[in-house]
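Remarks on the structure that follows.
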Amino acid sequence: MSDVRCQISENSRGEAQLKAVLRDRRQITIPRAVCEELGIRPGDRLELRMEDGALIIRPGRVAALEALRAIQQALEEAGITEEELLESGRQIRDELFREKYPDLAKKHGV
């Protein structure tokens, strides 16, 4: 199997565009320079989504960090502190443990 020949150019807005060929196994090769710029390596997870007929690919950790920021903002807007959230989680975990393992819960004072 040979490497895919990629062509990088700029569009009218000065953004880099990458053109690649989809191989038989639905694979493309991302040029090394693009990987280095994005900080991705073989084995990293990527997020793929469709947007206005275009395929958007970005590092999975970027998506995870954005989700974390959105959760933090939602908690802030709701007036819930991180400690309150953690304490609530502990209480729920203890309650579930008592329901599922009542004998162990009594034995360990949960």
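We name chains A, B, ... following the order of the structure tokens; residues begin at 1 in each chain, and ligands are numbered from 1 as shown.
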
Item to check | Surrounding residues of Leu48 of chain A excluding itself and chain neighbours under 4 positions, 10 Å, only C-alpha atoms, as a count of residues only | outcome: 6

Next on the checklist: Using DSSP secondary structure from the backbone, list all alpha helix (DSSP H) positions within segment 19-50 of chain A, as a PyMOL selection string.
Outcome noted: chain A and resi 32-38

Checklist entry - Looking only at the backbone, which of the residues in segment 3-108 of chain A does DSSP tag as strand (DSSP E), as a ChimeraX atom specification? => result /A:7-10,16-19,46-51,54-59

For the residues in that selection, give me N, CA and C atoms as an mmCIF file, in the first residue's frame.
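This went into result-v8.cif:
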```cif
data_model
loop_
_atom_site.group_PDB
_atom_site.id
_atom_site.type_symbol
_atom_site.label_atom_id
_atom_site.label_comp_id
_atom_site.auth_asym_id
_atom_site.auth_seq_id
_atom_site.Cartn_x
_atom_site.Cartn_y
_atom_site.Cartn_z
ATOM 1 N N GLN A 7 -2.085 17.354 -0.835
ATOM 2 C CA GLN A 7 -1.793 18.681 -1.349
ATOM 3 C C GLN A 7 -2.320 19.682 -0.332
ATOM 4 N N ILE A 8 -1.455 20.571 0.141
ATOM 5 C CA ILE A 8 -1.863 21.597 1.082
ATOM 6 C C ILE A 8 -1.835 22.933 0.361
ATOM 7 N N SER A 9 -2.933 23.667 0.479
ATOM 8 C CA SER A 9 -3.014 24.990 -0.139
ATOM 9 C C SER A 9 -3.778 25.913 0.803
ATOM 10 N N GLU A 10 -3.927 27.160 0.411
ATOM 11 C CA GLU A 10 -4.699 28.111 1.207
ATOM 12 C C GLU A 10 -5.962 28.467 0.453
ATOM 13 N N ALA A 16 -5.430 27.108 5.772
ATOM 14 C CA ALA A 16 -4.812 25.957 5.113
ATOM 15 C C ALA A 16 -5.884 24.941 4.744
ATOM 16 N N GLN A 17 -5.774 24.408 3.551
ATOM 17 C CA GLN A 17 -6.669 23.364 3.090
ATOM 18 C C GLN A 17 -5.826 22.151 2.745
ATOM 19 N N LEU A 18 -6.325 20.988 3.088
ATOM 20 C CA LEU A 18 -5.628 19.741 2.822
ATOM 21 C C LEU A 18 -6.490 18.906 1.900
ATOM 22 N N LYS A 19 -5.901 18.437 0.829
ATOM 23 C CA LYS A 19 -6.609 17.526 -0.071
ATOM 24 C C LYS A 19 -5.887 16.193 -0.016
ATOM 25 N N LEU A 46 -9.207 10.949 17.809
ATOM 26 C CA LEU A 46 -9.627 12.165 17.129
ATOM 27 C C LEU A 46 -11.141 12.238 17.149
ATOM 28 N N GLU A 47 -11.666 13.452 17.175
ATOM 29 C CA GLU A 47 -13.109 13.647 17.081
ATOM 30 C C GLU A 47 -13.420 14.035 15.644
ATOM 31 N N LEU A 48 -14.378 13.365 15.044
ATOM 32 C CA LEU A 48 -14.810 13.685 13.684
ATOM 33 C C LEU A 48 -16.271 14.103 13.738
ATOM 34 N N ARG A 49 -16.600 15.193 13.071
ATOM 35 C CA ARG A 49 -18.001 15.602 13.011
ATOM 36 C C ARG A 49 -18.283 16.249 11.658
ATOM 37 N N MET A 50 -19.521 16.184 11.253
ATOM 38 C CA MET A 50 -19.950 16.811 10.009
ATOM 39 C C MET A 50 -20.505 18.191 10.329
ATOM 40 N N GLU A 51 -20.097 19.166 9.536
ATOM 41 C CA GLU A 51 -20.569 20.532 9.734
ATOM 42 C C GLU A 51 -20.734 21.181 8.374
ATOM 43 N N ALA A 54 -19.050 19.471 5.559
ATOM 44 C CA ALA A 54 -17.601 19.316 5.665
ATOM 45 C C ALA A 54 -17.291 18.385 6.841
ATOM 46 N N LEU A 55 -16.224 17.639 6.713
ATOM 47 C CA LEU A 55 -15.753 16.782 7.791
ATOM 48 C C LEU A 55 -14.749 17.568 8.617
ATOM 49 N N ILE A 56 -15.035 17.726 9.889
ATOM 50 C CA ILE A 56 -14.155 18.449 10.811
ATOM 51 C C ILE A 56 -13.476 17.407 11.687
ATOM 52 N N ILE A 57 -12.148 17.443 11.725
ATOM 53 C CA ILE A 57 -11.373 16.508 12.539
ATOM 54 C C ILE A 57 -10.561 17.326 13.527
ATOM 55 N N ARG A 58 -10.615 16.941 14.803
ATOM 56 C CA ARG A 58 -9.804 17.634 15.794
ATOM 57 C C ARG A 58 -9.369 16.653 16.870
ATOM 58 N N PRO A 59 -8.290 16.983 17.563
ATOM 59 C CA PRO A 59 -7.796 16.083 18.608
ATOM 60 C C PRO A 59 -8.864 15.838 19.665
#
```

Checklist entry - Which distance in Å separates atom CA of Arg90 of chain A and atom CA of Gln73 of chain A, to one decimal? => result 21.7 Å

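Atom CA of Arg93 of chain A to atom CA of Ile71 of chain A spans 20.4 Å [interatomic distance, one decimal].
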